Number of protein chains: 4
Amino acid sequence: MPEPIGVRRAQAQRTRSGVLAAAAAVFVEQGVQAPVRDIAERAGVGVGTIYRNFPTRADLVTAVYRHQIDTCAALAPQLLAESASPFTALTGWVDAFVEFLVTKHGLGAALGSDDPGLENLHALMLDTLVPACATLLDACAAADEVSPGISAYTLMRAIGNLCITGPDYERADAQRMVATLLAGCRRAA
Amino acid sequence: MPEPIGVRRAQAQRTRSGVLAAAAAVFVEQGVQAPVRDIAERAGVGVGTIYRNFPTRADLVTAVYRHQIDTCAALAPQLLAESASPFTALTGWVDAFVEFLVTKHGLGAALGSDDPGLENLHALMLDTLVPACATLLDACAAADEVSPGISAYTLMRAIGNLCITGPDYERADAQRMVATLLAGCRRAA
Amino acid sequence: MPEPIGVRRAQAQRTRSGVLAAAAAVFVEQGVQAPVRDIAERAGVGVGTIYRNFPTRADLVTAVYRHQIDTCAALAPQLLAESASPFTALTGWVDAFVEFLVTKHGLGAALGSDDPGLENLHALMLDTLVPACATLLDACAAADEVSPGISAYTLMRAIGNLCITGPDYERADAQRMVATLLAGCRRAA
Amino acid sequence: MPEPIGVRRAQAQRTRSGVLAAAAAVFVEQGVQAPVRDIAERAGVGVGTIYRNFPTRADLVTAVYRHQIDTCAALAPQLLAESASPFTALTGWVDAFVEFLVTKHGLGAALGSDDPGLENLHALMLDTLVPACATLLDACAAADEVSPGISAYTLMRAIGNLCITGPDYERADAQRMVATLLAGCRRAA
DNA sequence: CATGAATGAGTTTTCATTCAT
DNA sequence: TATGAATGAAAACTCATTCAT
């Protein structure tokens, strides 16, 4: 009774999705360094399955955040088109980015980490988020709203760092500091 | 003459200093979570010596940074007295703080960590650095140079985070972003 | 057919049994505080396997002795039914208990230990062996063959202690002393 | 200024006594396996001093208990002379022995241990306590008060074991069980 | 393809013991 | 002789990773 290939593939995809959802949840609770076993248990699969689908931890981390990263990137042109000024668009976009970061405990640290295994995530950022942010920054610079000397990458790393929360420095604090940083960018213009 | 205490004490002090130096170096390379054994090897001592002098990792981390923290704190009143304006003093102090942070890779992360073993370091900051910074912030607020809504603690955590460096986000980037953050504080005034 | 579960489970069971056998042997030689690594080596498994199957030392100790403890407990009602007098039944049961103890060097000490990790074993005794012994003691007391003032728990602890053997105080000595203790119980009646 | 030898020797003796007192106290609290450092701290000396005076742990343990052992041994002929019957003398002597054992937590276990380092203590028992006890036992046997088949050594080991106390099996329980054992000896006569 | 038992390297931590002073 | 800093072997425990089924 040879199974139709499509069924298998669909099942495999479901497994993969389950792992991603579990990993996302565990990352929120424990950070991206959480034990593989915890993720496997949460997903209801064996650890082997995790390793099959995501040979390295970075692969898993990357996959977990790829969709949200893409969504975030896509927001840039949309905001630019809708907003009254480029800086307003930038502000809106950064708000969304921050929201993304503070919801995923540990990702900020992951972005700032020099763990060689997290290169993929870095690459993903460089390839999608940085250009998106750069578009906005360039528009702001063109409108003379921010200094042209600030690179999108550096700004995003800074924002990523500011979003590393903890006791006595929580979500709201991170949001305020990022807003302050943006204000500093504008003033520099 | 049961013992020439002075000699022994001097030797012990030398050992202790050697451990501190080794730990500082290893922290720069590997962060404050570096294996105790690595520090012992670098210091040329047994692990037991580390544990004798610094029973917990936090004790070691704290000791490594205590002197510089104290120095940094002492700088605040001095700058306030010398500077043309409170904000200039604040800027100068933050420069020194950043210098301290970027030199000690991993300390920024340590400050932001919720690792229970790092409470001592937290306490040290709260007890010395935060009041020093608060003095400057209060002076700035009194001179209407910054918004009164920014707490010294939050600002320092933010600066600490901004100083988590890595590939493509290095010392100079951190310094620029901190300056931008400060500019944002001023603008808010 | 994602997995032939039965085979795996059987193998796991075999591993578990092997660990139990190895632990039993090592306990005889070194006592229940023997290094985990020694047990792992004797069993031909990694230490991780021990920890997987028996997260705490107490879990392992308990598992090693559970079967024999249950068997011993089950003997009590049987002997009571078969024997000419309650005291004869008690004597027979204590013989079996002693046999159990002297075969497992170190268990007597384990029973007497206040090591918090051995609570499980204590609990196991209290839940199974003590009631079994109490049944016999009560019957003896009812028949006026022993003094009613002796608690089953205390008697078993005493017997456990008497069974801590060593050079110049071996199995036969322990047996004789336990018999003497029992004789003392009877005399008190 | 050459010190008079006698002064030095007296000082050394004082040190030795202090160590013995400290060791006795620590043994009561932690058992004879207590860390050497704890004893040194309690005695207010360095660990080196302990090792100088008592190269092995057994030397220390033995020295700690030697005086009391001697005292206990000396009690035997005295009780035999004073008592109405040999068995009464034996009972009194055993009471004293038990008192000695239950006051020194861990000594009972030490007596029963096959730790090769505790041979000295064993030897001390064999040389002093066993003969003392044997005198009493022999007298009892001669008076037909106990069975002649019980060796003093075995009886003392048994008593030592019965005196290993712990939670739920305390001093009073040990005393009762020892009394029961003695009763058993008598009955056997 | 999925499973999860097994592995063992890596880390922390404790303490007996030594030895320079 | 006394000191106690230093040592390092020993033991516990964790978790990433492999692989037989």
# chains A, B, ... in the order shown; residues from 1 in each chain; ligands from 1
$ calpha_fit_rmsd --fixed "chain C" --moving "chain D"
0.8 Å
$ interface_residues --of "chain B" --to "chain F" --cutoff "12 Å" --atoms "only C-alpha atoms (C1' of nucleotides)" --output "number ranges by chain"
B: 1-5, 7-16, 37, 40, 44-53
$ residues_around --residues "Pro86 in chain D" --least-positions-apart "4" --cutoff "12 Å" --atoms "only C-alpha atoms (C1' of nucleotides)" --output "list in words"
Ala76, Pro77, Gln78, Leu79, Leu80, Ala81, Glu82, Leu90, Thr91, Gly92, Trp93, Cys133, Ala134, Thr135, Leu136, Leu137, Asp138, Ala139, Cys140, Ala141, Ala142, Ala143, Asp144, Glu145, Val146 and Arg186 of chain D
$ select_by_dssp --residues "chain D" --states "helix (DSSP H, G or I)" --output "PyMOL selection string"
chain D and resi 5-30+36-43+47-53+57-82+86-103+107-112+116-142+152-162+171-188
$ interface_residues --of "chain E" --to "chain B" --cutoff "12 Å" --atoms "only C-alpha atoms (C1' of nucleotides)" --output "list in words"
DG10, DT11, DT12, DT13, DT14, DC15, DA20 and DT21 of chain E
$ write_last_selection --atoms "N, CA, C and O atoms (P, O5', C5', C4', C3', O3' and C1' of nucleotides)" --output "CSV table (one decimal), in the first residue's frame"
chain,number,residue,atom,x,y,z
E,10,DG,P,34.7,18.3,25.6
E,10,DG,O5',33.9,19.2,26.6
E,10,DG,C5',32.5,19.6,26.2
E,10,DG,C4',31.9,20.3,27.3
E,10,DG,C3',32.8,21.2,28.1
E,10,DG,O3',32.1,22.4,28.5
E,10,DG,C1',31.8,19.6,29.6
E,11,DT,P,32.9,23.6,28.9
E,11,DT,O5',32.2,24.1,30.3
E,11,DT,C5',31.4,23.2,30.8
E,11,DT,C4',30.7,23.6,32.1
E,11,DT,C3',31.6,24.3,33.1
E,11,DT,O3',30.9,25.4,33.7
E,11,DT,C1',30.9,22.2,33.9
E,12,DT,P,31.7,26.2,34.8
E,12,DT,O5',31.0,25.5,36.1
E,12,DT,C5',29.6,25.3,36.1
E,12,DT,C4',29.2,24.6,37.4
E,12,DT,C3',29.7,25.3,38.7
E,12,DT,O3',28.7,25.3,39.7
E,12,DT,C1',30.4,23.0,38.6
E,13,DT,P,28.9,26.3,40.9
E,13,DT,O5',29.5,25.3,42.0
E,13,DT,C5',28.7,24.1,42.3
E,13,DT,C4',29.6,23.2,43.1
E,13,DT,C3',30.3,23.8,44.2
E,13,DT,O3',29.8,23.3,45.4
E,13,DT,C1',31.6,22.2,43.1
E,14,DT,P,30.4,23.8,46.8
E,14,DT,O5',31.2,22.6,47.4
E,14,DT,C5',30.6,21.3,47.2
E,14,DT,C4',31.6,20.2,47.6
E,14,DT,C3',32.3,20.5,48.9
E,14,DT,O3',32.3,19.3,49.7
E,14,DT,C1',33.9,20.1,47.2
E,15,DC,P,32.3,19.4,51.3
E,15,DC,O5',33.7,18.7,51.6
E,15,DC,C5',34.6,18.5,50.5
E,15,DC,C4',35.7,17.6,50.8
E,15,DC,C3',36.5,17.9,52.0
E,15,DC,O3',37.3,16.8,52.4
E,15,DC,C1',37.7,18.7,50.1
E,20,DA,P,57.7,23.6,48.8
E,20,DA,O5',57.8,25.2,48.6
E,20,DA,C5',56.8,25.8,47.9
E,20,DA,C4',56.4,27.1,48.6
E,20,DA,C3',57.6,27.9,49.1
E,20,DA,O3',57.3,29.3,49.0
E,20,DA,C1',56.4,27.3,51.0
E,21,DT,P,58.4,30.4,49.3
E,21,DT,O5',58.0,30.8,50.8
E,21,DT,C5',56.7,31.4,50.9
E,21,DT,C4',56.5,31.7,52.4
E,21,DT,C3',57.6,32.4,53.1
E,21,DT,O3',57.2,33.7,53.6
E,21,DT,C1',56.8,30.6,54.4
$ atom_distance --atom1 "CA of Asn161 in chain B" --atom2 "CA of Ile69 in chain A"
21.8 Å
$ closest_atom_pairs --of "chain C" --to "chain D" --cutoff "10 Å" --atoms "only C-alpha atoms" --output "Markdown table"
| residue | atom | partner | partner_atom | distance |
| --- | --- | --- | --- | --- |
| C:Gly108 | CA | D:Asn161 | CA | 9.9 |
| C:Ala109 | CA | D:Ala109 | CA | 8.3 |
| C:Leu111 | CA | D:Gly166 | CA | 9.7 |
| C:Gly112 | CA | D:Gly166 | CA | 6.5 |
| C:Ser113 | CA | D:Gly166 | CA | 6.8 |
| C:Asp114 | CA | D:Gly166 | CA | 6.0 |
| C:Asp115 | CA | D:Gly166 | CA | 9.7 |
| C:Ile150 | CA | D:Arg176 | CA | 9.0 |
| C:Ser151 | CA | D:Asp173 | CA | 9.8 |
| C:Tyr153 | CA | D:Asp168 | CA | 8.5 |
| C:Thr154 | CA | D:Tyr169 | CA | 6.4 |
| C:Leu155 | CA | D:Met177 | CA | 7.6 |
| C:Arg157 | CA | D:Tyr169 | CA | 7.1 |
| C:Ala158 | CA | D:Leu162 | CA | 5.7 |
| C:Ile159 | CA | D:Leu162 | CA | 8.1 |
| C:Gly160 | CA | D:Leu162 | CA | 8.7 |
| C:Asn161 | CA | D:Asn161 | CA | 5.1 |
| C:Leu162 | CA | D:Asn161 | CA | 5.6 |
| C:Cys163 | CA | D:Asn161 | CA | 8.2 |
| C:Ile164 | CA | D:Gly112 | CA | 6.9 |
| C:Thr165 | CA | D:Gly112 | CA | 7.0 |
| C:Gly166 | CA | D:Asp114 | CA | 5.7 |
| C:Pro167 | CA | D:Asp114 | CA | 6.6 |
| C:Asp168 | CA | D:Thr154 | CA | 7.9 |
| C:Tyr169 | CA | D:Thr154 | CA | 6.4 |
| C:Glu170 | CA | D:Thr154 | CA | 9.3 |
| C:Asp173 | CA | D:Thr154 | CA | 6.7 |
| C:Ala174 | CA | D:Ala158 | CA | 7.6 |
| C:Arg176 | CA | D:Ile150 | CA | 8.9 |
| C:Met177 | CA | D:Ala158 | CA | 6.7 |
| C:Val178 | CA | D:Leu181 | CA | 8.2 |
| C:Ala179 | CA | D:Gly184 | CA | 8.2 |
| C:Thr180 | CA | D:Gly184 | CA | 4.8 |
| C:Leu181 | CA | D:Leu181 | CA | 4.3 |
| C:Leu182 | CA | D:Gly184 | CA | 6.9 |
| C:Ala183 | CA | D:Gly184 | CA | 4.6 |
| C:Gly184 | CA | D:Gly184 | CA | 3.5 |
| C:Cys185 | CA | D:Thr180 | CA | 6.1 |
| C:Arg186 | CA | D:Gly184 | CA | 8.1 |
| C:Arg187 | CA | D:Arg187 | CA | 6.8 |
| C:Ala188 | CA | D:Ala183 | CA | 7.7 |
